[in-house]
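Novice: What follows is final_12.txt, compact mmCIF, N, CA and C atoms.
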# COMPACT_ATOMS: atom_id res chain seq x y z
N MET P 1 0.84 -1.18 0.00
CA MET P 1 0.00 0.00 0.00
C MET P 1 0.89 1.24 0.00
N MET P 2 0.51 2.23 -0.77
CA MET P 2 1.30 3.44 -0.93
C MET P 2 1.04 4.39 0.24
N LYS P 3 2.08 4.95 0.78
CA LYS P 3 1.96 5.88 1.90
C LYS P 3 1.73 7.29 1.36
N ILE P 4 1.21 8.17 2.21
CA ILE P 4 0.89 9.54 1.80
C ILE P 4 2.14 10.28 1.35
N ALA P 5 3.25 10.07 2.04
CA ALA P 5 4.50 10.76 1.67
C ALA P 5 4.96 10.34 0.27
N ASP P 6 4.75 9.07 -0.10
CA ASP P 6 5.11 8.60 -1.44
C ASP P 6 4.26 9.28 -2.49
N VAL P 7 2.98 9.44 -2.21
CA VAL P 7 2.08 10.08 -3.16
C VAL P 7 2.47 11.54 -3.34
N LEU P 8 2.84 12.19 -2.24
CA LEU P 8 3.24 13.59 -2.31
C LEU P 8 4.45 13.77 -3.21
N GLU P 9 5.42 12.86 -3.10
CA GLU P 9 6.62 12.98 -3.91
C GLU P 9 6.33 12.71 -5.38
N GLU P 10 5.34 11.86 -5.68
CA GLU P 10 5.03 11.52 -7.06
C GLU P 10 4.31 12.66 -7.78
N SER P 11 3.48 13.41 -7.07
CA SER P 11 2.72 14.47 -7.72
C SER P 11 3.52 15.78 -7.69
N ASP P 12 3.06 16.71 -8.47
CA ASP P 12 3.76 17.98 -8.65
C ASP P 12 3.54 18.89 -7.44
N PRO P 13 4.60 19.16 -6.63
CA PRO P 13 4.42 20.02 -5.46
C PRO P 13 4.07 21.45 -5.83
N ASP P 14 4.52 21.91 -7.01
CA ASP P 14 4.18 23.27 -7.44
C ASP P 14 2.68 23.42 -7.62
N LYS P 15 2.04 22.36 -8.08
CA LYS P 15 0.59 22.39 -8.27
C LYS P 15 -0.10 22.54 -6.92
N LYS P 16 0.42 21.86 -5.90
CA LYS P 16 -0.16 21.97 -4.56
C LYS P 16 0.06 23.37 -3.99
N ASP P 17 1.23 23.95 -4.24
CA ASP P 17 1.51 25.30 -3.77
C ASP P 17 0.53 26.30 -4.41
N LYS P 18 0.30 26.13 -5.72
CA LYS P 18 -0.66 27.00 -6.42
C LYS P 18 -2.06 26.81 -5.86
N LEU P 19 -2.41 25.55 -5.59
CA LEU P 19 -3.75 25.25 -5.09
C LEU P 19 -3.99 25.87 -3.71
N LEU P 20 -2.98 25.89 -2.86
CA LEU P 20 -3.13 26.54 -1.55
C LEU P 20 -3.49 28.01 -1.71
N GLN P 21 -2.83 28.69 -2.66
CA GLN P 21 -3.14 30.11 -2.91
C GLN P 21 -4.54 30.26 -3.49
N ILE P 22 -4.92 29.37 -4.38
CA ILE P 22 -6.25 29.44 -4.99
C ILE P 22 -7.34 29.22 -3.95
N ILE P 23 -7.11 28.29 -3.02
CA ILE P 23 -8.08 28.04 -1.95
C ILE P 23 -8.23 29.27 -1.08
N GLU P 24 -7.11 29.90 -0.76
CA GLU P 24 -7.18 31.11 0.06
C GLU P 24 -7.93 32.22 -0.67
N ASP P 25 -7.75 32.31 -2.00
CA ASP P 25 -8.46 33.32 -2.79
C ASP P 25 -9.94 32.97 -2.94
N GLY P 26 -10.27 31.66 -2.84
CA GLY P 26 -11.66 31.23 -2.90
C GLY P 26 -12.21 31.08 -4.31
N ASP P 27 -11.38 30.82 -5.28
CA ASP P 27 -11.83 30.66 -6.67
C ASP P 27 -12.34 29.23 -6.88
N ALA P 28 -13.64 29.03 -6.69
CA ALA P 28 -14.24 27.69 -6.71
C ALA P 28 -14.12 27.00 -8.07
N THR P 29 -14.23 27.73 -9.17
CA THR P 29 -14.18 27.09 -10.48
C THR P 29 -12.82 26.47 -10.75
N VAL P 30 -11.77 27.13 -10.32
CA VAL P 30 -10.42 26.60 -10.52
C VAL P 30 -10.17 25.43 -9.57
N ILE P 31 -10.64 25.57 -8.32
CA ILE P 31 -10.43 24.52 -7.32
C ILE P 31 -11.07 23.22 -7.77
N LEU P 32 -12.26 23.30 -8.35
CA LEU P 32 -12.99 22.10 -8.74
C LEU P 32 -12.61 21.56 -10.11
N SER P 33 -11.66 22.20 -10.78
CA SER P 33 -11.25 21.70 -12.09
C SER P 33 -10.52 20.37 -11.92
N SER P 34 -10.61 19.55 -12.94
CA SER P 34 -10.02 18.21 -12.85
C SER P 34 -8.51 18.26 -12.69
N GLU P 35 -7.90 19.37 -13.07
CA GLU P 35 -6.44 19.51 -12.94
C GLU P 35 -6.00 19.44 -11.48
N TYR P 36 -6.85 19.94 -10.57
CA TYR P 36 -6.48 20.03 -9.16
C TYR P 36 -7.15 19.00 -8.26
N THR P 37 -7.96 18.12 -8.81
CA THR P 37 -8.72 17.17 -7.99
C THR P 37 -7.82 16.31 -7.12
N GLN P 38 -6.83 15.67 -7.70
CA GLN P 38 -5.94 14.79 -6.94
C GLN P 38 -5.16 15.58 -5.90
N SER P 39 -4.66 16.75 -6.28
CA SER P 39 -3.90 17.57 -5.33
C SER P 39 -4.77 18.02 -4.17
N LEU P 40 -6.03 18.37 -4.44
CA LEU P 40 -6.94 18.79 -3.37
C LEU P 40 -7.17 17.65 -2.39
N ASN P 41 -7.41 16.45 -2.90
CA ASN P 41 -7.60 15.30 -2.02
C ASN P 41 -6.38 15.05 -1.15
N GLU P 42 -5.20 15.17 -1.73
CA GLU P 42 -3.97 14.96 -0.97
C GLU P 42 -3.78 16.03 0.10
N LEU P 43 -4.10 17.28 -0.22
CA LEU P 43 -3.96 18.36 0.76
C LEU P 43 -4.94 18.17 1.92
N ILE P 44 -6.12 17.65 1.64
CA ILE P 44 -7.08 17.37 2.71
C ILE P 44 -6.56 16.24 3.59
N LYS P 45 -6.03 15.18 2.96
CA LYS P 45 -5.48 14.06 3.73
C LYS P 45 -4.30 14.49 4.59
N LEU P 46 -3.50 15.40 4.08
CA LEU P 46 -2.32 15.86 4.81
C LEU P 46 -2.67 16.95 5.83
N GLU P 47 -3.94 17.29 5.93
CA GLU P 47 -4.46 18.28 6.88
C GLU P 47 -3.93 19.69 6.62
N PHE P 48 -3.68 20.02 5.36
CA PHE P 48 -3.34 21.38 4.98
C PHE P 48 -4.61 22.18 4.69
N VAL P 49 -5.68 21.46 4.33
CA VAL P 49 -6.95 22.07 3.98
C VAL P 49 -8.05 21.37 4.76
N SER P 50 -9.02 22.14 5.24
CA SER P 50 -10.17 21.55 5.92
C SER P 50 -11.44 22.10 5.29
N ILE P 51 -12.53 21.40 5.53
CA ILE P 51 -13.83 21.84 5.05
C ILE P 51 -14.64 22.25 6.27
N GLU P 52 -14.94 23.53 6.37
CA GLU P 52 -15.71 24.07 7.49
C GLU P 52 -16.84 24.92 6.95
N ASN P 53 -18.04 24.67 7.43
CA ASN P 53 -19.23 25.39 6.97
C ASN P 53 -19.34 25.35 5.45
N GLU P 54 -19.09 24.18 4.89
CA GLU P 54 -19.17 23.92 3.45
C GLU P 54 -18.21 24.78 2.63
N LYS P 55 -17.11 25.22 3.24
CA LYS P 55 -16.10 26.01 2.54
C LYS P 55 -14.73 25.40 2.79
N LEU P 56 -13.88 25.46 1.79
CA LEU P 56 -12.50 25.02 1.95
C LEU P 56 -11.72 26.12 2.65
N GLN P 57 -10.95 25.73 3.65
CA GLN P 57 -10.12 26.70 4.36
C GLN P 57 -8.75 26.10 4.62
N LEU P 58 -7.76 26.96 4.63
CA LEU P 58 -6.42 26.51 4.97
C LEU P 58 -6.32 26.31 6.47
N THR P 59 -5.72 25.22 6.87
CA THR P 59 -5.47 24.98 8.29
C THR P 59 -4.19 25.73 8.67
N GLU P 60 -3.80 25.61 9.93
CA GLU P 60 -2.55 26.24 10.36
C GLU P 60 -1.38 25.64 9.57
N LYS P 61 -1.42 24.32 9.36
CA LYS P 61 -0.38 23.67 8.56
C LYS P 61 -0.42 24.19 7.12
N GLY P 62 -1.63 24.44 6.61
CA GLY P 62 -1.78 24.95 5.25
C GLY P 62 -1.24 26.35 5.10
N GLN P 63 -1.47 27.19 6.11
CA GLN P 63 -0.92 28.55 6.08
C GLN P 63 0.60 28.50 6.04
N GLN P 64 1.17 27.62 6.87
CA GLN P 64 2.62 27.47 6.90
C GLN P 64 3.13 26.94 5.56
N ALA P 65 2.41 25.98 4.98
CA ALA P 65 2.81 25.42 3.70
C ALA P 65 2.73 26.45 2.59
N LYS P 66 1.78 27.35 2.68
CA LYS P 66 1.67 28.41 1.67
C LYS P 66 2.88 29.32 1.70
N LEU P 67 3.42 29.55 2.90
CA LEU P 67 4.57 30.43 3.03
C LEU P 67 5.88 29.76 2.63
N ILE P 68 6.07 28.52 3.08
CA ILE P 68 7.37 27.86 2.83
C ILE P 68 7.30 26.76 1.78
N GLY P 69 6.13 26.52 1.24
CA GLY P 69 5.97 25.49 0.23
C GLY P 69 5.54 24.17 0.86
N VAL P 70 4.85 23.36 0.07
CA VAL P 70 4.33 22.09 0.56
C VAL P 70 5.46 21.16 0.98
N LYS P 71 6.49 21.08 0.13
CA LYS P 71 7.61 20.18 0.47
C LYS P 71 8.30 20.61 1.76
N GLY P 72 8.50 21.90 1.93
CA GLY P 72 9.14 22.40 3.15
C GLY P 72 8.30 22.11 4.38
N ALA P 73 6.98 22.28 4.25
CA ALA P 73 6.10 21.99 5.37
C ALA P 73 6.07 20.50 5.68
N MET P 74 6.16 19.67 4.65
CA MET P 74 6.18 18.22 4.85
C MET P 74 7.46 17.79 5.56
N GLU P 75 8.57 18.42 5.22
CA GLU P 75 9.84 18.08 5.86
C GLU P 75 9.84 18.54 7.32
N LYS P 76 9.21 19.68 7.57
CA LYS P 76 9.17 20.22 8.92
C LYS P 76 8.22 19.41 9.81
N ASN P 77 7.07 19.03 9.28
CA ASN P 77 6.07 18.23 10.00
C ASN P 77 5.68 17.03 9.15
N PRO P 78 6.46 15.96 9.18
CA PRO P 78 6.12 14.81 8.34
C PRO P 78 4.80 14.19 8.78
N PRO P 79 4.06 13.58 7.83
CA PRO P 79 2.79 12.95 8.19
C PRO P 79 3.03 11.74 9.07
N LEU P 80 1.98 11.35 9.78
CA LEU P 80 2.08 10.17 10.63
C LEU P 80 2.40 8.95 9.78
N THR P 81 3.23 8.08 10.31
CA THR P 81 3.61 6.90 9.53
C THR P 81 2.54 5.82 9.58
N GLU P 82 1.67 5.89 10.58
CA GLU P 82 0.62 4.88 10.65
C GLU P 82 -0.43 5.16 9.59
N GLU P 83 -1.07 4.12 9.13
CA GLU P 83 -2.07 4.27 8.10
C GLU P 83 -3.38 4.75 8.72
N LEU P 84 -4.10 5.52 7.94
CA LEU P 84 -5.39 6.00 8.42
C LEU P 84 -6.38 4.84 8.41
N LYS P 85 -7.15 4.72 9.47
CA LYS P 85 -8.16 3.68 9.53
C LYS P 85 -9.51 4.32 9.24
N LEU P 86 -10.16 3.83 8.21
CA LEU P 86 -11.46 4.36 7.84
C LEU P 86 -12.55 3.64 8.60
N SER P 87 -13.54 4.38 8.99
CA SER P 87 -14.67 3.78 9.68
C SER P 87 -15.50 2.98 8.69
N ASP P 88 -16.13 1.95 9.18
CA ASP P 88 -16.98 1.12 8.33
C ASP P 88 -18.39 1.68 8.38
N PHE P 89 -18.83 2.27 7.26
CA PHE P 89 -20.15 2.86 7.21
C PHE P 89 -21.16 1.95 6.51
N THR P 90 -20.80 0.70 6.29
CA THR P 90 -21.73 -0.22 5.66
C THR P 90 -22.82 -0.61 6.64
N GLN P 91 -23.94 -0.98 6.08
CA GLN P 91 -25.06 -1.40 6.92
C GLN P 91 -24.71 -2.73 7.58
N PRO P 92 -25.11 -2.90 8.84
CA PRO P 92 -24.83 -4.19 9.48
C PRO P 92 -25.62 -5.29 8.79
N SER P 93 -25.02 -6.46 8.72
CA SER P 93 -25.70 -7.56 8.05
C SER P 93 -26.88 -8.00 8.89
N PRO P 94 -27.96 -8.39 8.24
CA PRO P 94 -29.13 -8.82 9.00
C PRO P 94 -28.82 -10.08 9.80
N THR P 95 -29.35 -10.13 11.00
CA THR P 95 -29.12 -11.29 11.85
C THR P 95 -30.26 -12.28 11.67
N LYS P 96 -29.96 -13.51 11.95
CA LYS P 96 -30.99 -14.54 11.88
C LYS P 96 -31.71 -14.56 13.21
N GLY P 97 -32.99 -14.83 13.19
CA GLY P 97 -33.76 -14.86 14.42
C GLY P 97 -34.37 -13.51 14.71
N ILE P 98 -34.89 -13.34 15.91
CA ILE P 98 -35.54 -12.09 16.27
C ILE P 98 -34.76 -11.40 17.38
N SER P 99 -34.94 -10.09 17.43
CA SER P 99 -34.24 -9.32 18.47
C SER P 99 -34.99 -9.44 19.79
N ASN P 100 -34.37 -9.00 20.84
CA ASN P 100 -35.00 -9.01 22.16
C ASN P 100 -36.26 -8.15 22.17
N GLN P 101 -36.21 -7.02 21.50
CA GLN P 101 -37.36 -6.12 21.46
C GLN P 101 -38.53 -6.79 20.74
N ALA P 102 -38.26 -7.43 19.62
CA ALA P 102 -39.32 -8.12 18.89
C ALA P 102 -39.90 -9.25 19.73
N PHE P 103 -39.06 -9.97 20.45
CA PHE P 103 -39.54 -11.06 21.30
C PHE P 103 -40.48 -10.53 22.38
N LEU P 104 -40.13 -9.41 23.01
CA LEU P 104 -40.99 -8.84 24.05
C LEU P 104 -42.32 -8.37 23.49
N ILE P 105 -42.32 -7.81 22.30
CA ILE P 105 -43.57 -7.37 21.67
C ILE P 105 -44.47 -8.57 21.39
N ILE P 106 -43.89 -9.63 20.85
CA ILE P 106 -44.66 -10.85 20.57
C ILE P 106 -45.21 -11.43 21.86
N LEU P 107 -44.39 -11.47 22.90
CA LEU P 107 -44.82 -11.99 24.20
C LEU P 107 -45.96 -11.15 24.77
N PHE P 108 -45.91 -9.83 24.63
CA PHE P 108 -46.96 -8.94 25.10
C PHE P 108 -48.29 -9.27 24.41
N PHE P 109 -48.25 -9.37 23.07
CA PHE P 109 -49.48 -9.68 22.35
C PHE P 109 -50.00 -11.08 22.68
N PHE P 110 -49.12 -12.01 22.97
CA PHE P 110 -49.55 -13.35 23.36
C PHE P 110 -50.34 -13.29 24.67
N PHE P 111 -49.85 -12.53 25.67
CA PHE P 111 -50.56 -12.40 26.93
C PHE P 111 -51.89 -11.67 26.76
N ILE P 112 -51.92 -10.67 25.90
CA ILE P 112 -53.18 -9.96 25.62
C ILE P 112 -54.19 -10.94 25.02
N SER P 113 -53.71 -11.79 24.10
CA SER P 113 -54.59 -12.78 23.48
C SER P 113 -55.13 -13.76 24.53
N LEU P 114 -54.27 -14.21 25.44
CA LEU P 114 -54.72 -15.11 26.51
C LEU P 114 -55.77 -14.44 27.39
N LEU P 115 -55.57 -13.18 27.72
CA LEU P 115 -56.54 -12.44 28.52
C LEU P 115 -57.88 -12.31 27.80
N ALA P 116 -57.80 -12.05 26.49
CA ALA P 116 -59.02 -11.91 25.70
C ALA P 116 -59.78 -13.24 25.66
N ILE P 117 -59.07 -14.34 25.47
CA ILE P 117 -59.71 -15.68 25.45
C ILE P 117 -60.32 -15.99 26.81
N ALA P 118 -59.62 -15.68 27.89
CA ALA P 118 -60.13 -15.92 29.23
C ALA P 118 -61.38 -15.08 29.48
N ALA P 119 -61.38 -13.84 29.01
CA ALA P 119 -62.54 -12.96 29.18
C ALA P 119 -63.75 -13.49 28.42
N LEU P 120 -63.52 -14.01 27.22
CA LEU P 120 -64.60 -14.57 26.41
C LEU P 120 -65.19 -15.83 27.06
N MET P 121 -64.38 -16.60 27.72
CA MET P 121 -64.84 -17.83 28.35
C MET P 121 -65.70 -17.52 29.59
N MET P 122 -65.45 -16.40 30.22
CA MET P 122 -66.21 -16.04 31.41
C MET P 122 -67.60 -15.52 31.06
N ILE P 123 -67.80 -15.09 29.89
CA ILE P 123 -69.12 -14.55 29.51
C ILE P 123 -70.11 -15.63 29.24
Rewrite the coordinates I just gave you, this time as structure tokens.

Specialist:
Amino acid sequence: MMKIADVLEESDPDKKDKLLQIIEDGDATVILSSEYTQSLNELIKLEFVSIENEKLQLTEKGQQAKLIGVKGAMEKNPPLTEELKLSDFTQPSPTKGISNQAFLIILFFFFISLLAIAALMMI
């Protein structure tokens, strides 16, 4: 598996430096162009850019990277060597059988039915 630092070295750091300035200027059409898509994703992963109130903003690391360049900021604060663990957002698989809540509901209606039958027999 490729590490974030390897990806950073493979892509054009000048493009990332330009993108940091564009984000600060707020030019959405340029930011969303396909030319900058990969660089934007990498800057978000490296925590140079954050999304707050549906807007892209430079983080403190991003401000520093804008001044000294992405490579310089990476050398000064290298990314964590551990891999990012993504949360599992898949739906849980259905279980066989019934849940405790369903069992209690069925049991409740069973007792109501018994009471109703007993009441009918007394009449």

Novice: In stretch 47-81 of chain P, what's helix (DSSP H, G or I) per DSSP? Answer as a list in words?

Specialist: Glu60, Lys61, Gly62, Gln63, Gln64, Ala65, Lys66, Leu67, Ile68, Val70, Lys71, Gly72, Ala73, Met74, Glu75 and Lys76 of chain P

Novice: Between atom CA of P:Ile68 and atom CA of P:Ile23, what is the spacing in Å?

Specialist: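 Answer for the atom CA of P:Ile23 to atom CA of P:Ile68 separation: 16.2 Å.
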
Novice: Please compute the atom CA of P:Leu32-atom N of P:Leu56 distance, one decimal, in Å.

Specialist: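 Here the two named atoms are 11.1 Å from each other.
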
Novice: Just the number, please: distance in Å from atom CA of P:Lys15 to atom CA of P:Thr59, one decimal.

Specialist: 17.8 Å

Novice: Around all the atoms of stretch 43-57 of chain P listed in the file, draw an axis-aligned box and extend it by 4 Å on each of the six sides; I want its centre and edge lengths in Å to one decimal, as JSON.

Specialist:
{"center_x": -10.8, "center_y": 20.4, "center_z": 3.6, "size_x": 25.0, "size_y": 20.6, "size_z": 15.7}

Novice: Please identify all polymer residues within 7 Å of stretch 36-47 of chain P, counting all atoms listed in the file, omitting same-chain residues fewer than 6 positions from it, and present them as a list of chain:residue names.

Specialist: P:Lys15, P:Lys16, P:Val30, P:Thr59, P:Glu60, P:Lys61, P:Gly62, P:Pro79

Novice: Once you have the residues from the selection above, write them out as a CSV table (one decimal), in the frame of the given file, restricted to N, CA and C atoms.

Specialist:
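Output saved as part.csv:
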chain,number,residue,atom,x,y,z
P,15,LYS,N,2.0,22.4,-8.1
P,15,LYS,CA,0.6,22.4,-8.3
P,15,LYS,C,-0.1,22.5,-6.9
P,16,LYS,N,0.4,21.9,-5.9
P,16,LYS,CA,-0.2,22.0,-4.6
P,16,LYS,C,0.1,23.4,-4.0
P,30,VAL,N,-11.8,27.1,-10.3
P,30,VAL,CA,-10.4,26.6,-10.5
P,30,VAL,C,-10.2,25.4,-9.6
P,59,THR,N,-5.7,25.2,6.9
P,59,THR,CA,-5.5,25.0,8.3
P,59,THR,C,-4.2,25.7,8.7
P,60,GLU,N,-3.8,25.6,9.9
P,60,GLU,CA,-2.6,26.2,10.4
P,60,GLU,C,-1.4,25.6,9.6
P,61,LYS,N,-1.4,24.3,9.4
P,61,LYS,CA,-0.4,23.7,8.6
P,61,LYS,C,-0.4,24.2,7.1
P,62,GLY,N,-1.6,24.4,6.6
P,62,GLY,CA,-1.8,25.0,5.2
P,62,GLY,C,-1.2,26.4,5.1
P,79,PRO,N,4.1,13.6,7.8
P,79,PRO,CA,2.8,13.0,8.2
P,79,PRO,C,3.0,11.7,9.1

Novice: Taking the DSSP assignment computed from this structure's backbone, write out as a ChimeraX atom specification all residues of stretch 50-84 of chain P that belong to strand (DSSP E).

Specialist: /P:50-52,55-58

Novice: Using all atoms listed in the file, pick whichever of P:Gln101, P:Ala73, P:Glu24, P:Met122 has the shortest atom-to-atom distance to P:Gln57.

Specialist: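 Of all the options, P:Glu24 lies closest to P:Gln57.
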